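Coordinates from query.txt are shown below (compact mmCIF, C-alpha atoms).
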```txt
# COMPACT_ATOMS: atom_id res chain seq x y z
CA MET U 25 130.24 116.96 60.70
CA THR U 26 131.43 114.64 57.92
CA HIS U 27 130.43 111.00 57.75
CA ALA U 28 134.04 109.95 58.32
CA HIS U 29 134.27 112.21 61.35
CA ALA U 30 131.01 110.83 62.76
CA LEU U 31 132.29 107.30 62.22
CA GLU U 32 135.48 108.21 64.04
CA HIS U 33 133.43 108.90 67.14
CA HIS U 34 131.67 105.56 67.46
CA HIS U 35 132.26 104.96 71.14
CA THR U 36 130.42 104.13 74.31
CA PRO U 37 128.43 107.14 75.58
CA THR U 38 130.44 108.99 78.23
CA SER U 39 129.59 111.55 80.93
CA THR U 40 131.47 114.27 79.04
CA GLY U 41 130.21 113.20 75.63
CA LEU U 42 133.84 112.91 74.57
CA GLU U 43 136.00 109.91 73.75
CA HIS U 44 137.77 108.87 76.95
CA ARG U 45 141.05 108.07 75.19
CA LYS U 46 141.20 111.58 73.77
CA VAL U 47 140.54 113.10 77.20
CA ALA U 48 143.32 110.86 78.55
CA ILE U 49 145.90 111.93 75.94
CA TRP U 50 145.10 115.62 76.55
CA THR U 51 145.47 115.10 80.31
CA PHE U 52 148.81 113.38 79.68
CA ILE U 53 149.91 116.25 77.43
CA GLY U 54 148.92 118.72 80.17
CA SER U 55 151.13 116.87 82.67
CA GLU U 56 153.98 116.86 80.14
CA CYS U 57 153.75 120.67 79.95
CA LEU U 58 154.73 120.81 83.62
CA PHE U 59 157.53 118.29 83.10
CA PHE U 60 159.12 120.34 80.33
CA ALA U 61 158.48 123.60 82.21
CA SER U 62 160.66 122.32 85.05
CA LEU U 63 163.44 121.35 82.61
CA ILE U 64 163.27 124.66 80.68
CA SER U 65 163.28 126.72 83.89
CA THR U 66 166.26 124.70 85.19
CA TYR U 67 168.14 125.46 81.96
CA LEU U 68 167.26 129.17 82.22
CA VAL U 69 168.19 129.65 85.88
CA TYR U 70 171.61 128.02 85.34
CA LYS U 71 172.27 129.92 82.11
CA GLY U 72 175.45 131.98 82.30
CA LYS U 73 176.47 130.52 85.69
CA ASP U 74 179.24 128.30 84.34
CA THR U 75 182.67 128.60 85.90
CA LYS U 76 184.31 126.87 82.91
CA GLY U 77 183.54 126.16 79.24
CA PRO U 78 182.45 125.16 76.74
CA THR U 79 179.67 127.76 76.94
CA PRO U 80 176.60 127.96 74.63
CA ASP U 81 178.25 130.77 72.61
CA GLU U 82 181.29 128.59 71.93
CA ILE U 83 179.58 125.37 70.97
CA LEU U 84 175.98 125.67 69.71
CA GLN U 85 175.57 125.41 65.92
CA ILE U 86 172.52 127.17 64.44
CA PRO U 87 172.38 125.85 60.81
CA LEU U 88 172.14 122.16 61.72
CA VAL U 89 169.48 122.73 64.39
CA THR U 90 167.49 125.02 62.07
CA PHE U 91 167.36 122.13 59.61
CA GLY U 92 166.16 119.83 62.40
CA THR U 93 163.53 122.37 63.44
CA ALA U 94 162.23 122.61 59.86
CA LEU U 95 162.03 118.80 59.72
CA LEU U 96 159.98 118.67 62.90
CA LEU U 97 157.64 121.43 61.70
CA PHE U 98 157.10 119.68 58.37
CA SER U 99 156.52 116.38 60.18
CA SER U 100 153.66 118.07 62.07
CA LEU U 101 152.14 119.08 58.73
CA PHE U 102 152.63 115.56 57.34
CA VAL U 103 150.99 113.81 60.30
CA VAL U 104 147.93 116.07 60.16
CA LEU U 105 147.64 115.30 56.42
CA ALA U 106 147.93 111.58 57.25
CA LEU U 107 145.14 111.97 59.81
CA ASN U 108 143.01 113.72 57.22
CA GLY U 109 143.62 110.79 54.87
CA ALA U 110 142.72 108.29 57.61
CA GLN U 111 139.48 110.10 58.44
CA ARG U 112 138.46 110.18 54.77
CA GLY U 113 139.45 106.57 54.11
CA ASN U 114 142.22 107.66 51.70
CA ARG U 115 144.72 104.84 52.31
CA ARG U 116 147.32 106.22 49.89
CA ALA U 117 147.41 109.62 51.61
CA LEU U 118 147.43 107.98 55.04
CA LEU U 119 150.41 105.72 54.30
CA GLY U 120 152.36 108.30 52.27
CA TRP U 121 152.12 111.16 54.75
CA LEU U 122 152.62 108.88 57.75
CA ALA U 123 155.80 107.46 56.19
CA ALA U 124 157.02 111.02 55.53
CA THR U 125 156.35 111.92 59.19
CA ILE U 126 158.31 108.90 60.43
CA ILE U 127 161.25 109.70 58.12
CA CYS U 128 161.35 113.33 59.38
CA GLY U 129 161.25 112.07 62.99
CA ILE U 130 164.12 109.64 62.37
CA PHE U 131 166.19 112.40 60.72
CA PHE U 132 165.55 114.71 63.68
CA VAL U 133 166.73 112.04 66.14
CA GLY U 134 169.75 111.42 63.89
CA MET U 135 170.51 115.15 63.89
CA GLN U 136 170.39 115.19 67.69
CA VAL U 137 172.64 112.11 68.01
CA TYR U 138 175.16 113.76 65.65
CA GLU U 139 174.99 117.02 67.63
CA PHE U 140 175.52 115.25 70.97
CA GLN U 141 178.44 113.27 69.56
CA HIS U 142 180.01 116.48 68.20
CA PHE U 143 179.60 118.23 71.57
CA MET U 144 181.13 115.28 73.43
CA HIS U 145 184.08 115.46 71.04
CA GLU U 146 184.38 119.19 71.79
CA GLY U 147 184.58 118.43 75.51
CA LEU U 148 181.02 119.14 76.63
CA LYS U 149 179.82 116.25 78.75
CA LEU U 150 176.92 115.93 81.17
CA GLN U 151 179.26 116.54 84.11
CA THR U 152 181.44 119.26 82.48
CA ASN U 153 179.50 122.29 83.70
CA LEU U 154 175.99 123.58 84.48
CA PHE U 155 175.33 124.24 80.78
CA GLY U 156 176.26 120.65 79.87
CA ALA U 157 174.06 119.18 82.60
CA SER U 158 170.99 121.31 81.89
CA PHE U 159 171.41 121.22 78.07
CA TYR U 160 171.74 117.43 77.80
CA THR U 161 168.90 116.87 80.27
CA LEU U 162 166.49 119.20 78.46
CA THR U 163 167.28 118.28 74.85
CA GLY U 164 167.91 114.63 75.77
CA PHE U 165 164.45 114.25 77.32
CA HIS U 166 162.94 115.94 74.28
CA GLY U 167 164.86 113.59 71.99
CA THR U 168 163.59 110.63 74.01
CA HIS U 169 160.04 111.90 73.50
CA VAL U 170 160.67 112.19 69.74
CA THR U 171 162.05 108.63 69.68
CA LEU U 172 158.97 107.31 71.52
CA GLY U 173 156.77 109.27 69.11
CA VAL U 174 158.53 107.68 66.13
CA ILE U 175 158.01 104.20 67.63
CA TRP U 176 154.32 104.98 68.25
CA LEU U 177 153.88 106.26 64.66
CA ILE U 178 155.63 103.16 63.27
CA THR U 179 153.16 100.91 65.14
CA VAL U 180 150.25 102.92 63.71
CA PHE U 181 151.87 102.72 60.25
CA ILE U 182 152.13 98.91 60.50
CA THR U 183 148.46 98.77 61.57
CA ALA U 184 147.52 100.89 58.55
CA VAL U 185 149.62 98.76 56.17
CA ARG U 186 147.77 95.68 57.42
CA GLY U 187 144.50 97.43 56.58
CA LYS U 188 143.40 97.70 60.20
CA LEU U 189 143.02 101.48 60.36
CA PRO U 190 139.64 102.27 58.75
CA PRO U 191 138.06 105.75 59.22
CA ALA U 192 136.17 104.43 62.25
CA LYS U 193 139.53 103.83 63.98
CA ALA U 194 141.20 107.09 62.91
CA LEU U 195 141.31 108.08 66.57
CA ASN U 196 144.20 105.61 67.01
CA LEU U 197 146.24 107.84 64.69
CA GLU U 198 144.80 111.07 66.10
CA MET U 199 146.16 110.22 69.57
CA ALA U 200 149.65 109.53 68.20
CA ALA U 201 149.37 112.73 66.12
CA LEU U 202 148.44 114.81 69.20
CA TYR U 203 151.49 113.47 71.02
CA TRP U 204 153.64 114.22 67.96
CA HIS U 205 152.33 117.80 67.72
CA PHE U 206 153.07 118.26 71.43
CA VAL U 207 156.66 117.13 70.86
CA ASP U 208 156.80 119.72 68.06
CA VAL U 209 155.43 122.59 70.19
CA VAL U 210 157.94 121.78 72.93
CA TRP U 211 160.73 122.13 70.35
CA ILE U 212 159.15 125.40 69.16
CA VAL U 213 159.93 126.68 72.69
CA ILE U 214 163.32 124.95 73.15
CA PHE U 215 164.78 126.10 69.81
CA PRO U 216 164.69 129.88 70.49
CA VAL U 217 165.30 129.56 74.25
CA VAL U 218 168.38 127.34 73.97
CA TYR U 219 169.85 128.09 70.54
CA LEU U 220 168.80 131.63 69.60
CA MET U 221 168.95 133.32 73.03
CA LYS U 222 172.38 131.91 73.88
CA MET C 26 115.47 117.42 60.58
CA SER C 27 119.21 117.83 60.99
CA ALA C 28 121.76 115.78 59.12
CA HIS C 29 122.84 114.20 62.37
CA ALA C 30 119.33 113.07 63.26
CA THR C 31 118.95 111.25 59.96
CA HIS C 32 122.09 109.27 60.59
CA PRO C 33 121.35 106.12 62.63
CA HIS C 34 124.72 106.48 64.35
CA GLY C 35 124.79 110.29 64.58
CA PRO C 36 126.85 112.05 67.23
CA GLU C 37 123.89 112.78 69.50
CA ALA C 38 122.92 109.09 69.43
CA GLU C 39 126.47 108.27 70.53
CA GLY C 40 126.43 110.79 73.36
CA LEU C 41 128.91 113.07 71.61
CA ASP C 42 129.55 116.69 72.25
CA PRO C 43 127.69 118.49 69.43
CA HIS C 44 130.28 121.30 69.64
CA GLU C 45 132.96 119.03 68.17
CA HIS C 46 133.21 120.07 64.51
CA SER C 47 134.94 118.54 61.53
CA HIS C 48 138.62 119.34 61.13
CA PRO C 49 139.94 121.71 58.44
CA GLY C 50 141.09 120.40 55.05
CA PRO C 51 144.58 119.84 53.59
CA ALA C 52 144.65 123.29 51.92
CA LEU C 53 144.49 125.08 55.28
CA TYR C 54 147.02 122.68 56.82
CA ILE C 55 149.50 123.45 54.03
CA LYS C 56 148.96 127.22 54.43
CA ILE C 57 149.61 126.91 58.18
CA GLY C 58 152.73 124.85 57.41
CA LEU C 59 154.07 127.59 55.15
CA VAL C 60 153.37 130.24 57.80
CA LEU C 61 155.23 128.12 60.39
CA PHE C 62 158.19 127.77 58.04
CA LEU C 63 158.16 131.55 57.40
CA LEU C 64 158.05 132.33 61.14
CA THR C 65 161.02 129.99 61.73
CA ALA C 66 162.93 131.75 58.94
CA LEU C 67 162.13 135.08 60.62
CA GLU C 68 163.42 133.75 63.96
CA VAL C 69 166.73 132.62 62.48
CA GLY C 70 166.96 135.77 60.32
CA ALA C 71 166.47 138.01 63.37
CA TYR C 72 169.16 136.05 65.25
CA GLU C 73 171.63 136.29 62.36
CA LEU C 74 171.06 140.03 61.82
CA ALA C 75 171.38 140.71 65.56
CA HIS C 76 174.82 139.03 65.54
CA ARG C 77 176.13 140.44 62.27
CA GLY C 78 177.26 143.80 63.61
CA GLY C 79 176.54 147.28 62.29
CA THR C 80 173.14 149.00 62.27
CA PHE C 81 171.11 145.79 62.40
CA GLU C 82 172.85 144.66 65.58
CA THR C 83 172.28 148.04 67.22
CA ILE C 84 168.57 147.91 66.43
CA LEU C 85 167.84 144.21 66.84
CA LYS C 86 169.99 143.03 69.76
CA PRO C 87 168.05 144.86 72.52
CA VAL C 88 164.70 143.53 71.21
CA LEU C 89 165.85 140.07 70.08
CA VAL C 90 164.47 138.16 73.08
CA PRO C 91 160.94 139.69 72.93
CA VAL C 92 160.89 139.22 69.13
CA LEU C 93 161.86 135.54 69.45
CA LEU C 94 159.31 134.99 72.23
CA ILE C 95 156.51 136.53 70.15
CA LEU C 96 157.40 134.49 67.04
CA SER C 97 157.67 131.32 69.13
CA ALA C 98 154.29 131.99 70.79
CA ALA C 99 152.70 132.54 67.37
CA LYS C 100 154.06 129.19 66.11
CA PHE C 101 152.95 127.44 69.28
CA ALA C 102 149.42 128.87 68.97
CA LEU C 103 149.12 127.93 65.28
CA VAL C 104 150.11 124.30 65.90
CA ALA C 105 147.84 123.99 68.96
CA MET C 106 144.82 125.63 67.30
CA TYR C 107 144.94 124.09 63.83
CA TYR C 108 147.11 120.96 63.88
CA MET C 109 145.98 119.84 67.34
CA HIS C 110 142.43 120.98 66.44
CA LEU C 111 141.82 122.93 69.64
CA LYS C 112 140.01 125.56 67.57
CA GLN C 113 137.42 123.02 66.41
CA ASP C 114 137.32 120.44 69.21
CA SER C 115 135.59 120.55 72.59
CA LYS C 116 136.57 123.36 74.97
CA LEU C 117 137.35 120.69 77.58
CA PHE C 118 140.46 119.72 75.60
CA SER C 119 141.55 123.38 75.48
CA GLY C 120 141.09 123.56 79.25
CA LEU C 121 143.11 120.38 79.81
CA PHE C 122 145.97 121.91 77.80
CA VAL C 123 145.81 125.63 78.65
CA PHE C 124 145.41 125.28 82.43
CA PRO C 125 148.66 123.27 82.90
CA LEU C 126 150.30 125.60 80.38
CA ILE C 127 149.49 128.61 82.59
CA ILE C 128 150.88 126.77 85.64
CA ALA C 129 153.98 125.85 83.59
CA ALA C 130 154.53 129.50 82.62
CA LEU C 131 154.13 130.53 86.28
CA VAL C 132 156.66 127.85 87.34
CA ILE C 133 159.23 129.18 84.83
CA VAL C 134 158.72 132.84 85.80
CA SER C 135 158.71 132.06 89.56
CA LEU C 136 161.94 130.05 89.38
CA ILE C 137 163.69 132.73 87.33
CA VAL C 138 162.61 135.45 89.80
CA LEU C 139 163.70 133.32 92.80
CA PHE C 140 167.10 132.53 91.32
CA VAL C 141 167.75 136.11 90.19
CA TYR C 142 166.91 137.23 93.76
CA HIS C 143 169.16 134.49 95.20
CA TYR C 144 172.18 135.40 93.04
CA THR C 145 171.68 139.13 93.63
CA TYR C 146 171.46 138.51 97.41
CA GLN C 147 174.59 136.31 97.31
CA ARG C 148 176.56 139.11 95.70
CA GLY C 149 175.47 141.44 98.50
CA MET C 150 173.58 143.72 96.16
CA LEU C 151 170.38 143.67 98.28
```
Turn the structure described in the file into structure tokens.
Amino acid sequence: MTHAHALEHHHTPTSTGLEHRKVAIWTFIGSECLFFASLISTYLVYKGKDTKGPTPDEILQIPLVTFGTALLLFSSLFVVLALNGAQRGNRRALLGWLAATIICGIFFVGMQVYEFQHFMHEGLKLQTNLFGASFYTLTGFHGTHVTLGVIWLITVFITAVRGKLPPAKALNLEMAALYWHFVDVVWIVIFPVVYLMK
Amino acid sequence: MSAHATHPHGPEAEGLDPHEHSHPGPALYIKIGLVLFLLTALEVGAYELAHRGGTFETILKPVLVPVLLILSAAKFALVAMYYMHLKQDSKLFSGLFVFPLIIAALVIVSLIVLFVYHYTYQRGML
């Protein structure tokens, strides 16, 4: 165990021997798995049951979403590099990679806003058909999670800029990073299920 | 004497789980990132080839869904194990994530089975 990693774990002794906040974020992530499972299964059971269009085949665009997927995957790499920088006390790496993560997150949200706007223009609204309702609910809730993740990362970034994120407090970033990775793994499931198996 | 014992604020002194190890370095993270990018390219490539017509479509279309599910599962596992550090961190964290994940998978499969049965029954096929 590195010195930085040992410093990271300066906390009150606990019954599990683990940092309570980290146990809490993992428990939260576990509950989120069930939340997204219900949305994904709703999308799947209503798939192909539309009585009118637009249907997924007619409207979904692969190139734009592939770009968004790549952004989200790279943002996961960037945030883990930022965490590595935070744990080692490398302020430059921490700020640089964290800024890159935030930019990728903002671009992903922008991509989703553009996509929704385009679909609305094409006549697919929440109330149009079963596909519209289940698609907007699933991807909309994911987009909301990404937005919240971006806000969380921005607050951590501001803390780091003000010099209040030393290696001993790297857990503050690790929690945000775990949430961000979860948002990424959810998209890893949504992307093929919604866009590639249409 | 172990390195931890010499440190006045070592993990044992703080009541830490000694099984929590240090996280991997940037080199491994970048390699994993490249593998994730490659797997995504394979996903999109398989989709494109399966919809292009000709021999590729004949071969790929029937197996497209299993191929996409396998590639997606591989990406999911890589992010969870290396980026979320489940491979190095305490097994309790893995339990907190994997147990709900199993229930989530069961929820998805159960609902699909129920709805397929419902629609089949509605059409008078059972």
- As a check of understanding: the span from CA of Lys112 (chain C) to CA of Phe98 (chain U) is 20.3 Å
- Considering all atoms listed in the file, state which residue in the set C:Ala75, C:Leu59, C:Leu139, C:Ile133 is at the smallest distance from chain U.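 The answer is C:Ile133, which sits nearest to chain U.
Across the structure, CA of Leu197 (chain U) and CA of Val103 (chain U) are spaced 8.8 Å apart.
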- Item | Residues near region 123-134 of chain U, cut-off 6 Å, all atoms listed in the file, skip fewer than 4 positions along chain, as a list in words | Gly92, Leu95, Ser99, Phe102, Val103, Leu119 and Val174 of chain U
Using only C-alpha atoms, please write the residues we just selected to a file, as a PDB file, keeping the file's coordinate frame.
```
ATOM      1  CA  GLY U  92     166.160 119.830  62.400  1.00  0.00           C
ATOM      2  CA  LEU U  95     162.030 118.800  59.720  1.00  0.00           C
ATOM      3  CA  SER U  99     156.520 116.380  60.180  1.00  0.00           C
ATOM      4  CA  PHE U 102     152.630 115.560  57.340  1.00  0.00           C
ATOM      5  CA  VAL U 103     150.990 113.810  60.300  1.00  0.00           C
ATOM      6  CA  LEU U 119     150.410 105.720  54.300  1.00  0.00           C
ATOM      7  CA  VAL U 174     158.530 107.680  66.130  1.00  0.00           C
TER       8      VAL U 174
END
```
- Please provide as a list in words all residues within 12 Å of Pro91 (chain C), with the sequence filter that same-chain residues fewer than 5 positions apart are discarded (counting all atoms listed in the file).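 Skipping anything fewer than 5 positions along the chain leaves Pro216, Val217, Leu220 and Met221 of chain U; Glu68, Ala71, Tyr72, Leu85, Lys86, Leu96, Ser97 and Ala98 of chain C.
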- For Asp74 (chain U), list every protein, DNA or RNA residue within 7 Å, evaluated using only C-alpha atoms, and leave out those in the same chain fewer than 5 positions away; present the list as a PyMOL selection string. chain U and resi 153-155
- Task: Return the neighbours of chain C among the residues of chain U, cut-off 8 Å, counting only C-alpha atoms, as a PyMOL selection string.
- Result: chain U and resi 25-26+29-31+33-38+40-42+47+50-51+53-55+57-58+61-62+64-65+68-69+90+94+97-98+100-101+104-105+108+201-202+205+209+212-213+216+220-221
- Query: For Tyr70 (chain U), which of U:Thr183, U:Thr163, U:Thr168, U:Ser158 is the closest residue, counting only C-alpha atoms?
  - Reply: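 Closest candidate: U:Ser158.
Distance-wise, CA of Phe215 (chain U) and CA of Phe59 (chain U) end up 17.0 Å apart.
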- Spatial neighbours of Arg115 (chain U), max dist 10 Å, all atoms listed in the file, sep filter under 2 positions, as an MDAnalysis selection string: chainID U and resid 106 109:113 117:120 184:185 187 189:191
Generate a file of the selected residues that holds C-alpha atoms, formatted as a CSV table (one decimal), in the frame of the given file.
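File part00.csv, as written:
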```csv
chain,number,residue,atom,x,y,z
U,106,ALA,CA,147.9,111.6,57.2
U,109,GLY,CA,143.6,110.8,54.9
U,110,ALA,CA,142.7,108.3,57.6
U,111,GLN,CA,139.5,110.1,58.4
U,112,ARG,CA,138.5,110.2,54.8
U,113,GLY,CA,139.4,106.6,54.1
U,117,ALA,CA,147.4,109.6,51.6
U,118,LEU,CA,147.4,108.0,55.0
U,119,LEU,CA,150.4,105.7,54.3
U,120,GLY,CA,152.4,108.3,52.3
U,184,ALA,CA,147.5,100.9,58.6
U,185,VAL,CA,149.6,98.8,56.2
U,187,GLY,CA,144.5,97.4,56.6
U,189,LEU,CA,143.0,101.5,60.4
U,190,PRO,CA,139.6,102.3,58.8
U,191,PRO,CA,138.1,105.8,59.2
```
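Taking all atoms listed in the file into account, Glu139 (chain U) lies nearest to U:Gln85 out of the set U:Thr93, U:Thr66, U:Gln85, U:Thr171.
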Taking the partial coordinates given, rebuild region 84-99 of chain C to contain N, CA, C and O atoms; return it as a PDB file, keeping the file's coordinate frame.
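Generated file (out-v7.pdb):
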```pdb
ATOM      1  N   ILE C  84     170.042 147.856  66.335  1.00  0.00           N
ATOM      2  CA  ILE C  84     168.570 147.910  66.430  1.00  0.00           C
ATOM      3  C   ILE C  84     168.000 146.622  67.019  1.00  0.00           C
ATOM      4  O   ILE C  84     167.145 146.670  67.901  1.00  0.00           O
ATOM      5  N   LEU C  85     168.481 145.493  66.508  1.00  0.00           N
ATOM      6  CA  LEU C  85     167.840 144.210  66.840  1.00  0.00           C
ATOM      7  C   LEU C  85     168.249 143.590  68.175  1.00  0.00           C
ATOM      8  O   LEU C  85     167.421 142.952  68.831  1.00  0.00           O
ATOM      9  N   LYS C  86     169.510 143.748  68.565  1.00  0.00           N
ATOM     10  CA  LYS C  86     169.990 143.030  69.760  1.00  0.00           C
ATOM     11  C   LYS C  86     169.168 143.334  71.018  1.00  0.00           C
ATOM     12  O   LYS C  86     168.821 142.399  71.745  1.00  0.00           O
ATOM     13  N   PRO C  87     168.814 144.608  71.279  1.00  0.00           N
ATOM     14  CA  PRO C  87     168.050 144.860  72.520  1.00  0.00           C
ATOM     15  C   PRO C  87     166.640 144.242  72.499  1.00  0.00           C
ATOM     16  O   PRO C  87     166.073 143.999  73.559  1.00  0.00           O
ATOM     17  N   VAL C  88     166.082 144.043  71.282  1.00  0.00           N
ATOM     18  CA  VAL C  88     164.700 143.530  71.210  1.00  0.00           C
ATOM     19  C   VAL C  88     164.652 142.073  70.737  1.00  0.00           C
ATOM     20  O   VAL C  88     163.565 141.538  70.496  1.00  0.00           O
ATOM     21  N   LEU C  89     165.818 141.432  70.633  1.00  0.00           N
ATOM     22  CA  LEU C  89     165.850 140.070  70.080  1.00  0.00           C
ATOM     23  C   LEU C  89     165.026 139.078  70.913  1.00  0.00           C
ATOM     24  O   LEU C  89     164.236 138.308  70.354  1.00  0.00           O
ATOM     25  N   VAL C  90     165.193 139.125  72.230  1.00  0.00           N
ATOM     26  CA  VAL C  90     164.470 138.160  73.080  1.00  0.00           C
ATOM     27  C   VAL C  90     162.954 138.326  72.960  1.00  0.00           C
ATOM     28  O   VAL C  90     162.244 137.343  72.699  1.00  0.00           O
ATOM     29  N   PRO C  91     162.403 139.547  73.119  1.00  0.00           N
ATOM     30  CA  PRO C  91     160.940 139.690  72.930  1.00  0.00           C
ATOM     31  C   PRO C  91     160.471 139.271  71.547  1.00  0.00           C
ATOM     32  O   PRO C  91     159.428 138.623  71.416  1.00  0.00           O
ATOM     33  N   VAL C  92     161.260 139.603  70.500  1.00  0.00           N
ATOM     34  CA  VAL C  92     160.890 139.220  69.130  1.00  0.00           C
ATOM     35  C   VAL C  92     160.808 137.700  68.999  1.00  0.00           C
ATOM     36  O   VAL C  92     159.840 137.147  68.468  1.00  0.00           O
ATOM     37  N   LEU C  93     161.832 137.016  69.524  1.00  0.00           N
ATOM     38  CA  LEU C  93     161.860 135.540  69.450  1.00  0.00           C
ATOM     39  C   LEU C  93     160.712 134.931  70.250  1.00  0.00           C
ATOM     40  O   LEU C  93     160.101 133.949  69.816  1.00  0.00           O
ATOM     41  N   LEU C  94     160.406 135.516  71.394  1.00  0.00           N
ATOM     42  CA  LEU C  94     159.310 134.990  72.230  1.00  0.00           C
ATOM     43  C   LEU C  94     157.962 135.149  71.522  1.00  0.00           C
ATOM     44  O   LEU C  94     157.126 134.248  71.554  1.00  0.00           O
ATOM     45  N   ILE C  95     157.775 136.287  70.864  1.00  0.00           N
ATOM     46  CA  ILE C  95     156.510 136.530  70.150  1.00  0.00           C
ATOM     47  C   ILE C  95     156.364 135.564  68.974  1.00  0.00           C
ATOM     48  O   ILE C  95     155.309 134.957  68.774  1.00  0.00           O
ATOM     49  N   LEU C  96     157.448 135.407  68.200  1.00  0.00           N
ATOM     50  CA  LEU C  96     157.400 134.490  67.040  1.00  0.00           C
ATOM     51  C   LEU C  96     157.171 133.049  67.497  1.00  0.00           C
ATOM     52  O   LEU C  96     156.381 132.316  66.891  1.00  0.00           O
ATOM     53  N   SER C  97     157.826 132.674  68.599  1.00  0.00           N
ATOM     54  CA  SER C  97     157.670 131.320  69.130  1.00  0.00           C
ATOM     55  C   SER C  97     156.234 131.100  69.623  1.00  0.00           C
ATOM     56  O   SER C  97     155.632 130.043  69.375  1.00  0.00           O
ATOM     57  N   ALA C  98     155.676 132.097  70.295  1.00  0.00           N
ATOM     58  CA  ALA C  98     154.290 131.990  70.790  1.00  0.00           C
ATOM     59  C   ALA C  98     153.307 131.867  69.625  1.00  0.00           C
ATOM     60  O   ALA C  98     152.333 131.104  69.703  1.00  0.00           O
ATOM     61  N   ALA C  99     153.575 132.609  68.549  1.00  0.00           N
ATOM     62  CA  ALA C  99     152.700 132.540  67.370  1.00  0.00           C
ATOM     63  C   ALA C  99     152.727 131.140  66.757  1.00  0.00           C
ATOM     64  O   ALA C  99     151.678 130.577  66.402  1.00  0.00           O
TER      65      ALA C  99
END
```
